[in-house]
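Have a look at upload-v4.cif below; it lists mmCIF, C-alpha atoms.
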```
data_my_file
loop_
_atom_site.label_atom_id
_atom_site.label_comp_id
_atom_site.auth_asym_id
_atom_site.auth_seq_id
_atom_site.Cartn_x
_atom_site.Cartn_y
_atom_site.Cartn_z
CA MET L 352 -16.12 -31.48 -3.32
CA GLU L 353 -16.64 -27.83 -4.24
CA PRO L 354 -13.47 -25.75 -4.54
CA VAL L 355 -12.97 -22.94 -2.05
CA GLN L 356 -14.67 -19.79 -3.34
CA TYR L 357 -12.36 -16.80 -3.47
CA SER L 358 -13.05 -13.84 -1.21
CA TYR L 359 -12.78 -10.20 -2.24
CA GLU L 360 -9.50 -9.94 -0.33
CA ASP L 361 -8.11 -12.80 -2.43
CA PHE L 362 -8.71 -10.75 -5.58
CA ALA L 363 -6.97 -7.72 -4.04
CA ARG L 364 -3.85 -9.67 -3.07
CA LEU L 365 -2.16 -9.52 -6.51
CA PRO L 366 -2.41 -5.75 -7.18
CA THR L 367 -1.52 -4.97 -3.57
CA THR L 368 1.54 -7.25 -3.63
CA VAL L 369 2.83 -5.79 -6.90
CA PHE L 370 2.84 -2.28 -5.45
CA TRP L 371 4.56 -3.49 -2.29
CA ILE L 372 7.59 -4.23 -4.51
CA MET L 373 8.24 -0.49 -4.69
CA GLY L 374 7.16 0.18 -1.10
CA TYR L 375 3.76 1.66 -1.95
CA ASP L 376 0.86 0.49 0.21
CA MET L 377 -2.30 1.20 -1.77
CA LEU L 378 -4.90 0.06 0.78
CA GLY L 379 -3.12 1.17 3.95
CA VAL L 380 -2.78 -2.30 5.45
CA PRO L 381 -1.95 -2.05 9.20
CA LYS L 382 1.75 -2.60 9.91
CA THR L 383 4.10 -2.30 12.84
CA ARG L 384 5.92 1.00 13.34
CA SER L 385 9.28 -0.47 12.25
CA ARG L 386 7.77 -1.87 9.04
CA ARG L 387 6.13 1.48 8.27
CA ILE L 388 9.50 3.22 8.66
CA LEU L 389 11.25 0.67 6.43
CA TYR L 390 8.53 1.03 3.78
CA TRP L 391 8.80 4.81 3.94
CA ILE L 392 12.61 4.73 3.57
CA TYR L 393 12.42 2.31 0.63
CA ARG L 394 9.64 4.35 -1.00
CA PHE L 395 11.76 7.50 -0.60
CA LEU L 396 14.82 5.79 -2.13
CA CYS L 397 12.83 4.65 -5.16
CA LEU L 398 11.39 8.13 -5.76
CA ALA L 399 14.72 9.88 -5.11
CA SER L 400 16.60 7.53 -7.46
CA HIS L 401 13.94 8.04 -10.10
CA GLY L 402 14.24 11.81 -9.76
CA VAL L 403 18.05 11.70 -9.99
CA CYS L 404 18.01 9.45 -13.06
CA VAL L 405 15.42 11.55 -14.87
CA GLY L 406 17.40 14.69 -14.04
CA VAL L 407 20.66 13.22 -15.39
CA MET L 408 18.86 11.99 -18.52
CA VAL L 409 17.45 15.45 -19.21
CA PHE L 410 20.91 16.96 -18.65
CA ARG L 411 22.47 14.57 -21.20
CA MET L 412 19.76 15.41 -23.74
CA VAL L 413 20.25 19.14 -23.28
CA GLU L 414 24.03 18.75 -23.34
CA ALA L 415 23.73 16.59 -26.52
CA LYS L 416 27.44 15.70 -26.50
CA THR L 417 27.13 11.99 -25.73
CA ILE L 418 24.19 11.23 -28.05
CA ASP L 419 26.10 10.71 -31.25
CA ASN L 420 24.50 7.79 -33.12
CA VAL L 421 21.11 6.47 -34.23
CA SER L 422 21.13 3.64 -31.71
CA LEU L 423 21.53 6.06 -28.80
CA ILE L 424 18.85 8.37 -30.18
CA MET L 425 16.37 5.45 -30.24
CA ARG L 426 17.53 4.39 -26.77
CA TYR L 427 16.83 7.85 -25.38
CA ALA L 428 13.48 7.97 -27.22
CA THR L 429 12.55 4.67 -25.56
CA LEU L 430 13.54 5.96 -22.13
CA VAL L 431 11.65 9.24 -22.50
CA THR L 432 8.42 7.57 -23.64
CA TYR L 433 8.64 4.87 -20.96
CA ILE L 434 9.25 7.44 -18.23
CA ILE L 435 6.25 9.50 -19.38
CA ASN L 436 4.14 6.34 -19.50
CA SER L 437 5.18 5.17 -16.03
CA ASP L 438 4.94 8.58 -14.37
CA THR L 439 1.47 9.09 -15.85
CA LYS L 440 0.32 5.82 -14.32
CA PHE L 441 2.03 6.59 -11.02
CA ALA L 442 0.24 9.94 -10.88
CA THR L 443 -3.01 8.03 -11.41
CA VAL L 444 -2.48 5.65 -8.49
CA LEU L 445 -1.60 8.56 -6.21
CA GLN L 446 -5.38 9.10 -6.07
CA ARG L 447 -5.31 6.67 -3.17
CA SER L 448 -8.40 7.94 -1.38
CA ALA L 449 -10.50 7.62 -4.55
CA ILE L 450 -9.12 4.12 -5.21
CA GLN L 451 -9.77 3.06 -1.61
CA SER L 452 -13.32 4.44 -1.85
CA LEU L 453 -14.04 2.47 -5.04
CA ASN L 454 -12.47 -0.60 -3.47
CA SER L 455 -14.73 -0.31 -0.42
CA LYS L 456 -17.85 0.05 -2.59
CA LEU L 457 -16.97 -3.05 -4.60
CA ALA L 458 -16.13 -4.97 -1.41
CA GLU L 459 -19.63 -4.22 -0.06
CA LEU L 460 -21.19 -5.45 -3.31
CA TYR L 461 -19.14 -8.65 -3.48
CA PRO L 462 -21.11 -11.89 -2.78
CA LYS L 463 -20.87 -12.72 0.91
CA THR L 464 -22.11 -16.31 1.21
CA THR L 465 -20.55 -19.37 -0.39
CA LEU L 466 -23.75 -20.16 -2.31
CA ASP L 467 -23.93 -16.61 -3.64
CA ARG L 468 -20.28 -16.79 -4.73
CA ILE L 469 -20.93 -20.08 -6.49
CA TYR L 470 -23.93 -18.55 -8.26
CA HIS L 471 -21.86 -15.56 -9.41
CA ARG L 472 -19.03 -17.95 -10.41
CA VAL L 473 -16.45 -15.79 -8.70
CA ASN L 474 -13.71 -18.38 -9.23
CA ASP L 475 -14.12 -18.03 -13.01
CA HIS L 476 -13.23 -14.34 -12.65
CA TYR L 477 -10.17 -14.88 -10.45
CA TRP L 478 -6.68 -14.13 -11.75
CA THR L 479 -5.70 -16.90 -14.15
CA LYS L 480 -2.29 -18.56 -13.98
CA SER L 481 -1.49 -17.22 -17.45
CA PHE L 482 -2.16 -13.67 -16.26
CA VAL L 483 0.03 -14.12 -13.17
CA TYR L 484 2.78 -15.57 -15.40
CA LEU L 485 2.44 -12.55 -17.70
CA VAL L 486 2.99 -10.20 -14.76
CA ILE L 487 6.00 -12.23 -13.61
CA ILE L 488 7.47 -12.30 -17.14
CA TYR L 489 6.92 -8.55 -17.54
CA ILE L 490 8.68 -7.77 -14.27
CA GLY L 491 11.33 -10.43 -14.98
CA SER L 492 12.11 -9.09 -18.48
CA SER L 493 12.38 -5.58 -17.03
CA ILE L 494 14.80 -6.88 -14.39
CA MET L 495 16.84 -8.55 -17.12
CA VAL L 496 17.10 -5.22 -18.97
CA VAL L 497 18.78 -3.78 -15.85
CA ILE L 498 20.97 -6.73 -14.84
CA GLY L 499 21.75 -7.82 -18.40
CA PRO L 500 24.76 -5.49 -18.72
CA ILE L 501 26.40 -6.74 -15.52
CA ILE L 502 25.80 -10.33 -16.64
CA THR L 503 27.51 -9.45 -19.93
CA SER L 504 30.41 -7.91 -17.97
CA ILE L 505 30.75 -11.06 -15.85
CA ILE L 506 30.72 -13.25 -18.98
CA ALA L 507 33.42 -11.02 -20.50
CA TYR L 508 35.49 -11.42 -17.33
CA PHE L 509 35.43 -15.22 -17.50
CA THR L 510 35.88 -15.43 -21.29
CA HIS L 511 38.31 -12.56 -21.95
CA ASN L 512 39.65 -11.97 -18.43
CA VAL L 513 38.38 -8.37 -18.36
CA PHE L 514 35.40 -6.86 -16.52
CA THR L 515 33.77 -4.29 -18.86
CA TYR L 516 31.76 -2.39 -16.18
CA MET L 517 28.65 -2.17 -18.39
CA HIS L 518 25.42 -0.79 -16.93
CA CYS L 519 21.88 -0.22 -18.12
CA TYR L 520 21.24 3.45 -18.85
CA PRO L 521 23.42 5.48 -21.25
CA TYR L 522 23.13 8.78 -19.39
CA PHE L 523 25.48 7.60 -16.61
CA LEU L 524 29.11 7.79 -17.76
CA TYR L 525 31.60 5.55 -15.97
CA ASP L 526 35.31 5.25 -16.75
CA PRO L 527 36.89 2.28 -14.87
CA GLU L 528 40.36 3.75 -15.39
CA LYS L 529 39.48 7.00 -13.63
CA ASP L 530 36.46 6.32 -11.40
CA PRO L 531 36.49 4.11 -8.27
CA VAL L 532 34.39 0.94 -8.12
CA TRP L 533 31.98 2.37 -5.53
CA ILE L 534 30.71 4.84 -8.14
CA TYR L 535 29.87 1.92 -10.43
CA ILE L 536 28.02 0.23 -7.56
CA GLY L 537 26.19 3.48 -6.81
CA ILE L 538 25.18 3.86 -10.46
CA TYR L 539 23.78 0.33 -10.50
CA ALA L 540 21.85 0.90 -7.26
CA LEU L 541 20.33 4.09 -8.72
CA GLU L 542 19.42 2.29 -11.95
CA TRP L 543 17.83 -0.61 -10.06
CA LEU L 544 15.63 1.61 -7.87
CA HIS L 545 14.79 3.88 -10.81
CA SER L 546 13.76 0.86 -12.88
CA THR L 547 11.69 -0.55 -9.99
CA GLN L 548 9.77 2.71 -9.71
CA MET L 549 8.99 2.78 -13.45
CA VAL L 550 8.20 -0.90 -14.00
CA ILE L 551 5.93 -1.33 -10.97
CA SER L 552 4.12 1.95 -11.65
CA ASN L 553 3.55 0.79 -15.21
CA ILE L 554 2.25 -2.73 -14.63
CA GLY L 555 0.75 -2.06 -11.18
CA ALA L 556 -1.62 0.69 -12.32
CA ASP L 557 -2.99 -1.54 -15.08
CA ILE L 558 -3.51 -4.43 -12.64
CA TRP L 559 -5.58 -2.18 -10.38
CA LEU L 560 -7.60 -1.03 -13.40
CA LEU L 561 -8.22 -4.65 -14.47
CA TYR L 562 -9.00 -5.65 -10.89
CA PHE L 563 -11.82 -3.11 -10.63
CA GLN L 564 -13.08 -3.83 -14.14
CA VAL L 565 -13.22 -7.59 -13.45
CA GLN L 566 -15.34 -6.93 -10.34
CA ILE L 567 -17.81 -4.76 -12.25
CA ASN L 568 -18.01 -7.34 -15.06
CA LEU L 569 -18.69 -10.07 -12.48
CA HIS L 570 -21.79 -8.24 -11.27
CA PHE L 571 -23.09 -7.53 -14.77
CA ARG L 572 -22.87 -11.27 -15.46
CA GLY L 573 -24.74 -11.86 -12.20
CA ILE L 574 -27.57 -9.57 -13.35
CA ILE L 575 -27.81 -11.37 -16.70
CA ARG L 576 -27.87 -14.81 -15.03
CA SER L 577 -30.49 -13.68 -12.48
CA LEU L 578 -32.79 -12.43 -15.22
CA GLU L 579 -32.38 -15.61 -17.23
CA ASP L 580 -33.17 -17.83 -14.23
CA HIS L 581 -36.09 -15.90 -12.73
CA LYS L 582 -39.65 -16.76 -13.78
CA PRO L 583 -42.14 -14.12 -12.59
CA SER L 584 -45.85 -14.69 -12.08
CA VAL L 585 -48.79 -12.64 -10.90
CA LYS L 586 -49.22 -15.26 -8.15
CA HIS L 587 -46.11 -13.99 -6.37
CA ASP L 588 -46.05 -10.46 -7.75
CA GLN L 589 -44.77 -8.79 -4.58
CA GLU L 590 -41.67 -11.01 -4.41
CA ASP L 591 -41.11 -10.51 -8.15
CA ARG L 592 -41.21 -6.75 -7.84
CA LYS L 593 -38.73 -6.82 -4.95
CA PHE L 594 -36.44 -8.97 -7.08
CA ILE L 595 -36.61 -6.73 -10.15
CA ALA L 596 -36.29 -3.54 -8.06
CA LYS L 597 -32.99 -4.90 -6.69
CA ILE L 598 -31.84 -5.57 -10.26
CA VAL L 599 -32.70 -1.99 -11.27
CA ASP L 600 -30.84 -0.57 -8.25
CA LYS L 601 -27.85 -2.79 -8.92
CA GLN L 602 -27.72 -1.72 -12.57
CA VAL L 603 -27.72 1.94 -11.53
CA HIS L 604 -25.05 1.23 -8.89
CA LEU L 605 -22.79 -0.54 -11.41
CA VAL L 606 -23.05 2.40 -13.81
CA SER L 607 -22.02 4.68 -10.94
CA LEU L 608 -19.06 2.42 -10.09
CA GLN L 609 -17.94 2.38 -13.72
CA ASN L 610 -18.09 6.18 -13.76
CA ASP L 611 -15.92 6.20 -10.62
CA LEU L 612 -13.46 3.89 -12.35
CA ASN L 613 -13.36 6.13 -15.42
CA GLY L 614 -12.90 9.15 -13.18
CA ILE L 615 -9.79 7.61 -11.61
CA PHE L 616 -8.13 6.00 -14.63
CA GLY L 617 -9.80 7.63 -17.63
CA LYS L 618 -7.93 10.92 -17.44
CA SER L 619 -4.57 9.23 -17.92
CA LEU L 620 -5.70 6.25 -19.98
CA LEU L 621 -5.40 7.96 -23.36
CA LEU L 622 -1.86 9.21 -22.65
CA SER L 623 -0.96 5.78 -21.24
CA LEU L 624 -2.10 4.01 -24.40
CA LEU L 625 -0.28 6.46 -26.66
CA THR L 626 2.98 6.30 -24.71
CA THR L 627 2.78 2.50 -24.47
CA ALA L 628 2.43 2.37 -28.26
CA ALA L 629 5.40 4.77 -28.54
CA VAL L 630 7.46 2.55 -26.21
CA ILE L 631 6.63 -0.51 -28.34
CA CYS L 632 7.69 1.36 -31.50
CA THR L 633 10.98 2.71 -30.14
CA VAL L 634 11.93 -0.54 -28.38
CA ALA L 635 11.16 -2.53 -31.55
CA VAL L 636 13.32 -0.25 -33.71
CA TYR L 637 16.13 -0.20 -31.13
CA THR L 638 16.06 -4.01 -30.93
CA LEU L 639 16.22 -4.35 -34.73
CA ILE L 640 19.21 -1.98 -34.81
CA GLN L 641 21.05 -3.80 -32.01
CA GLY L 642 20.62 -7.23 -33.52
CA PRO L 643 20.73 -10.64 -31.76
CA THR L 644 22.15 -9.79 -28.32
CA LEU L 645 21.16 -10.58 -24.74
CA GLU L 646 19.73 -7.07 -24.46
CA GLY L 647 17.82 -7.53 -27.71
CA PHE L 648 16.37 -10.84 -26.48
CA THR L 649 15.11 -9.31 -23.22
CA TYR L 650 13.60 -6.41 -25.16
CA VAL L 651 11.73 -8.82 -27.44
CA ILE L 652 10.14 -10.43 -24.35
CA PHE L 653 9.42 -6.95 -22.97
CA ILE L 654 7.65 -5.93 -26.21
CA GLY L 655 5.51 -9.08 -26.11
CA THR L 656 4.38 -8.50 -22.53
CA SER L 657 3.73 -4.79 -23.23
CA VAL L 658 1.48 -5.70 -26.17
CA MET L 659 -0.39 -8.17 -23.95
CA GLN L 660 -0.72 -5.48 -21.30
CA VAL L 661 -2.49 -3.15 -23.75
CA TYR L 662 -4.57 -6.04 -25.11
CA LEU L 663 -5.89 -6.98 -21.65
CA VAL L 664 -6.97 -3.41 -20.86
CA CYS L 665 -8.81 -3.26 -24.19
CA TYR L 666 -10.22 -6.78 -23.76
CA TYR L 667 -11.82 -6.06 -20.39
CA GLY L 668 -13.03 -2.71 -21.74
CA GLN L 669 -14.74 -4.67 -24.53
CA GLN L 670 -16.23 -7.05 -21.96
CA VAL L 671 -18.00 -4.37 -19.92
CA LEU L 672 -19.27 -2.82 -23.17
CA ASP L 673 -20.72 -6.16 -24.28
CA LEU L 674 -22.09 -7.20 -20.90
CA SER L 675 -23.91 -3.93 -20.28
CA GLY L 676 -25.61 -4.39 -23.65
CA GLU L 677 -26.41 -8.06 -22.97
CA VAL L 678 -28.54 -6.98 -20.00
CA ALA L 679 -31.15 -5.75 -22.51
CA HIS L 680 -30.99 -9.08 -24.40
CA ALA L 681 -31.46 -10.94 -21.11
CA VAL L 682 -34.64 -8.91 -20.54
CA TYR L 683 -35.90 -9.62 -24.06
CA ASN L 684 -35.32 -13.36 -23.57
CA HIS L 685 -36.75 -13.20 -20.06
CA ASP L 686 -39.92 -15.26 -19.50
CA PHE L 687 -42.06 -12.33 -18.36
CA HIS L 688 -45.38 -13.27 -19.98
CA ASP L 689 -47.08 -14.18 -16.70
CA ALA L 690 -45.70 -11.15 -14.85
CA SER L 691 -47.74 -8.17 -13.69
CA ILE L 692 -47.83 -4.80 -15.45
CA ALA L 693 -45.78 -3.22 -12.65
CA TYR L 694 -43.07 -5.87 -13.12
CA LYS L 695 -42.98 -5.26 -16.87
CA ARG L 696 -42.51 -1.53 -16.26
CA TYR L 697 -39.39 -2.32 -14.26
CA LEU L 698 -38.16 -4.41 -17.18
CA LEU L 699 -38.69 -1.44 -19.48
CA ILE L 700 -36.55 0.73 -17.18
CA ILE L 701 -33.74 -1.84 -17.38
CA ILE L 702 -33.98 -1.98 -21.19
CA ILE L 703 -33.90 1.82 -21.54
CA ARG L 704 -30.85 2.10 -19.28
CA ALA L 705 -29.10 -0.77 -21.09
CA GLN L 706 -29.37 1.18 -24.36
CA GLN L 707 -26.72 3.54 -22.99
CA PRO L 708 -23.56 1.40 -23.09
CA VAL L 709 -21.44 1.23 -19.96
CA GLU L 710 -17.83 1.57 -21.06
CA LEU L 711 -14.27 2.01 -19.98
CA ASN L 712 -13.28 5.28 -21.58
CA ALA L 713 -10.35 7.65 -21.82
CA MET L 714 -10.87 11.35 -21.26
CA GLY L 715 -14.63 10.77 -21.38
CA TYR L 716 -14.85 10.26 -25.14
CA LEU L 717 -12.59 7.42 -26.34
CA SER L 718 -14.15 4.03 -25.67
CA ILE L 719 -11.56 1.38 -24.81
CA SER L 720 -12.33 -1.82 -26.70
CA LEU L 721 -10.72 -4.41 -28.96
CA ASP L 722 -11.16 -1.98 -31.87
CA THR L 723 -8.94 0.44 -29.94
CA PHE L 724 -6.30 -2.28 -29.65
CA LYS L 725 -6.45 -3.07 -33.38
CA GLN L 726 -6.09 0.60 -34.31
CA LEU L 727 -3.23 1.09 -31.85
CA MET L 728 -1.29 -1.93 -33.16
CA SER L 729 -1.93 -0.89 -36.78
CA VAL L 730 -0.56 2.60 -36.15
CA SER L 731 2.41 1.15 -34.21
CA TYR L 732 3.31 -1.15 -37.10
CA ARG L 733 3.20 1.72 -39.58
CA VAL L 734 5.38 3.88 -37.33
CA ILE L 735 7.94 1.08 -36.88
CA THR L 736 8.08 0.57 -40.66
CA MET L 737 8.49 4.29 -41.26
CA LEU L 738 11.28 4.64 -38.66
CA MET L 739 13.18 1.68 -40.10
CA GLN L 740 12.95 3.14 -43.60
CA MET L 741 14.20 6.50 -42.33
CA ILE L 742 17.15 4.89 -40.53
CA GLN L 743 18.14 2.71 -43.48
#
```
As structure tokens - that is how I would like this structure written.
Amino acid sequence: MEPVQYSYEDFARLPTTVFWIMGYDMLGVPKTRSRRILYWIYRFLCLASHGVCVGVMVFRMVEAKTIDNVSLIMRYATLVTYIINSDTKFATVLQRSAIQSLNSKLAELYPKTTLDRIYHRVNDHYWTKSFVYLVIIYIGSSIMVVIGPIITSIIAYFTHNVFTYMHCYPYFLYDPEKDPVWIYIGIYALEWLHSTQMVISNIGADIWLLYFQVQINLHFRGIIRSLEDHKPSVKHDQEDRKFIAKIVDKQVHLVSLQNDLNGIFGKSLLLSLLTTAAVICTVAVYTLIQGPTLEGFTYVIFIGTSVMQVYLVCYYGQQVLDLSGEVAHAVYNHDFHDASIAYKRYLLIIIIRAQQPVELNAMGYLSISLDTFKQLMSVSYRVITMLMQMIQ
């Protein structure tokens, strides 16, 4: 029995759900009036908390009275780079009309019938369990960074009979001997909503990028498979020319869709990669300074998922680069000897267009590929080594 073939809406469920966590509805799914109001209130609280936390952080940095050791300097460096990274990605996904337009175009192109979906092997392109687990671990490790301090305080209460009132971010100062408990609760609520805004913006934007890139890659593979399977002949030249004309049109359409994708995400992609690398460096150094603690353990998991996040963006960027080039190889290996001259001219058009690689790029000039990942990790390692030497 054939497994159920996933629909386009099934693919969209993961990125849409992730953004719902911070009350942001990317595709404008119809909701009741009460649900819309609740979403709007929650969305406002996340943004307001984020604004308050960033403002307090900037004030502490300008004041410079409470930042008095290397560990805190690295902590603030981590926070600044992560905020820039997350806000850059959030600014990208605010292009909701452009994202919805690209989503609609890809939905129209998606295979409609079950047989067509089987031929395109859509299930092979669906979100793998390992990817879903990665997203869960990323969000989970980020949650642990926030709730870790209160867990430590609870442990201290049961082991030493004293609640230490620890919280996540160093720019909020709380003195349990002077300040009432409700202030501590308020601080934690602010930190939770602030963290939700940053974490979901960070991972959610990349999931939408991968979602669109996977769809484009799916269709490039479909073109390659169609060329490999088709055997033209002068006996049915008219049908052959209709077939190859559709391939030419589809190739042009996919290039246009990739340009749309680059137009949405490419402007911020370079800054996102650089700030992600900076976050990895500062978090790694901070973790090494802190030593084996609960916070350090959660940060190690966070670093691992952040590296995988960058790797996946580069991996799928490499895929579209390779697949667009493989279209030309599929034409070369195509059994076109019995085809008409007109058919062969169409093949030449495909080959010429395939010579210009289709790529995921940043700012229109930096191609995102596995080489980009290698260079980024190499630079990150050198920076971490340099910072550790400076501190020691």
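Between L:Tyr484 and the residues L:Val421, L:Leu738, L:Leu365, L:Ala681, the shortest atom-to-atom distance, using all atoms listed in the file, involves L:Leu365.
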| request: Excluding L:Val585 and any residue of its chain fewer than 3 positions from it, enumerate the residues within 12 Å of it, using all atoms listed in the file, and give them as a list in words. | output: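 With the cut-off at 12 Å, the set is Lys582, Asp588, Gln589, Glu590, Asp591, Arg592, Phe687, His688, Asp689, Ala690, Ser691, Ile692, Ala693, Tyr694 and Lys695 of chain L.
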| query | Out of L:Gln670, L:Thr464, L:Ser729, L:Asn512, which residue has the shortest atom-to-atom distance to L:Leu561 when counting all atoms listed in the file? | reply | L:Gln670
| request: One decimal, Å: what's the distance from atom CA of L:Leu721 over to atom CA of L:Tyr683, could you say? | output: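 Atom CA of L:Leu721 sits 26.2 Å away from atom CA of L:Tyr683.
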| Closest to L:Asn474 among L:Leu569, L:Cys397, L:Met408, L:Ile505, using only C-alpha atoms? |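 Among the listed residues, the smallest separation from L:Asn474 belongs to L:Leu569.
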| atom CA of L:Thr439 to atom CA of L:Arg426, distance in Å rounded to a single decimal |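 Separating atom CA of L:Thr439 from atom CA of L:Arg426 is a distance of 20.0 Å.
Candidate residues L:Ser619, L:Ser504, L:Ser552, L:Asn684 were compared for distance to L:Leu698, and the nearest is L:Asn684, using only C-alpha atoms.
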When the PyMOL selection byres ((chain L and resi 706-717) around 9) is applied to the structure above, which residues does it catch, written out as a PDB file with C-alpha atoms, in the coordinates of the input?
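What follows is the written file part.pdb:
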```
ATOM      1  CA  GLN L 564     -13.080  -3.830 -14.140  1.00  0.00           C
ATOM      2  CA  LEU L 605     -22.790  -0.540 -11.410  1.00  0.00           C
ATOM      3  CA  VAL L 606     -23.050   2.400 -13.810  1.00  0.00           C
ATOM      4  CA  GLN L 609     -17.940   2.380 -13.720  1.00  0.00           C
ATOM      5  CA  ASN L 610     -18.090   6.180 -13.760  1.00  0.00           C
ATOM      6  CA  LEU L 612     -13.460   3.890 -12.350  1.00  0.00           C
ATOM      7  CA  ASN L 613     -13.360   6.130 -15.420  1.00  0.00           C
ATOM      8  CA  GLY L 614     -12.900   9.150 -13.180  1.00  0.00           C
ATOM      9  CA  PHE L 616      -8.130   6.000 -14.630  1.00  0.00           C
ATOM     10  CA  GLY L 617      -9.800   7.630 -17.630  1.00  0.00           C
ATOM     11  CA  LYS L 618      -7.930  10.920 -17.440  1.00  0.00           C
ATOM     12  CA  SER L 619      -4.570   9.230 -17.920  1.00  0.00           C
ATOM     13  CA  LEU L 620      -5.700   6.250 -19.980  1.00  0.00           C
ATOM     14  CA  LEU L 621      -5.400   7.960 -23.360  1.00  0.00           C
ATOM     15  CA  LEU L 622      -1.860   9.210 -22.650  1.00  0.00           C
ATOM     16  CA  CYS L 665      -8.810  -3.260 -24.190  1.00  0.00           C
ATOM     17  CA  TYR L 667     -11.820  -6.060 -20.390  1.00  0.00           C
ATOM     18  CA  GLY L 668     -13.030  -2.710 -21.740  1.00  0.00           C
ATOM     19  CA  GLN L 669     -14.740  -4.670 -24.530  1.00  0.00           C
ATOM     20  CA  GLN L 670     -16.230  -7.050 -21.960  1.00  0.00           C
ATOM     21  CA  VAL L 671     -18.000  -4.370 -19.920  1.00  0.00           C
ATOM     22  CA  LEU L 672     -19.270  -2.820 -23.170  1.00  0.00           C
ATOM     23  CA  ASP L 673     -20.720  -6.160 -24.280  1.00  0.00           C
ATOM     24  CA  LEU L 674     -22.090  -7.200 -20.900  1.00  0.00           C
ATOM     25  CA  SER L 675     -23.910  -3.930 -20.280  1.00  0.00           C
ATOM     26  CA  GLY L 676     -25.610  -4.390 -23.650  1.00  0.00           C
ATOM     27  CA  ALA L 679     -31.150  -5.750 -22.510  1.00  0.00           C
ATOM     28  CA  ILE L 701     -33.740  -1.840 -17.380  1.00  0.00           C
ATOM     29  CA  ILE L 702     -33.980  -1.980 -21.190  1.00  0.00           C
ATOM     30  CA  ILE L 703     -33.900   1.820 -21.540  1.00  0.00           C
ATOM     31  CA  ARG L 704     -30.850   2.100 -19.280  1.00  0.00           C
ATOM     32  CA  ALA L 705     -29.100  -0.770 -21.090  1.00  0.00           C
ATOM     33  CA  SER L 718     -14.150   4.030 -25.670  1.00  0.00           C
ATOM     34  CA  ILE L 719     -11.560   1.380 -24.810  1.00  0.00           C
ATOM     35  CA  SER L 720     -12.330  -1.820 -26.700  1.00  0.00           C
ATOM     36  CA  THR L 723      -8.940   0.440 -29.940  1.00  0.00           C
TER      37      THR L 723
END
```
Once 3 Å is added on each side, what centre and edge lengths in Å to one decimal does the axis-aligned box around all listed atoms of stretch 441-448 of chain L have, as JSON?
```
{"center_x": -3.2, "center_y": 7.8, "center_z": -6.4, "size_x": 16.4, "size_y": 10.3, "size_z": 16.0}
```
| With all atoms listed in the file as the basis for distance, which of L:Thr627, L:Thr417, L:Leu699, L:Ala449 is at the shortest distance from L:Val599? |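 The closest residue to L:Val599 is L:Leu699.
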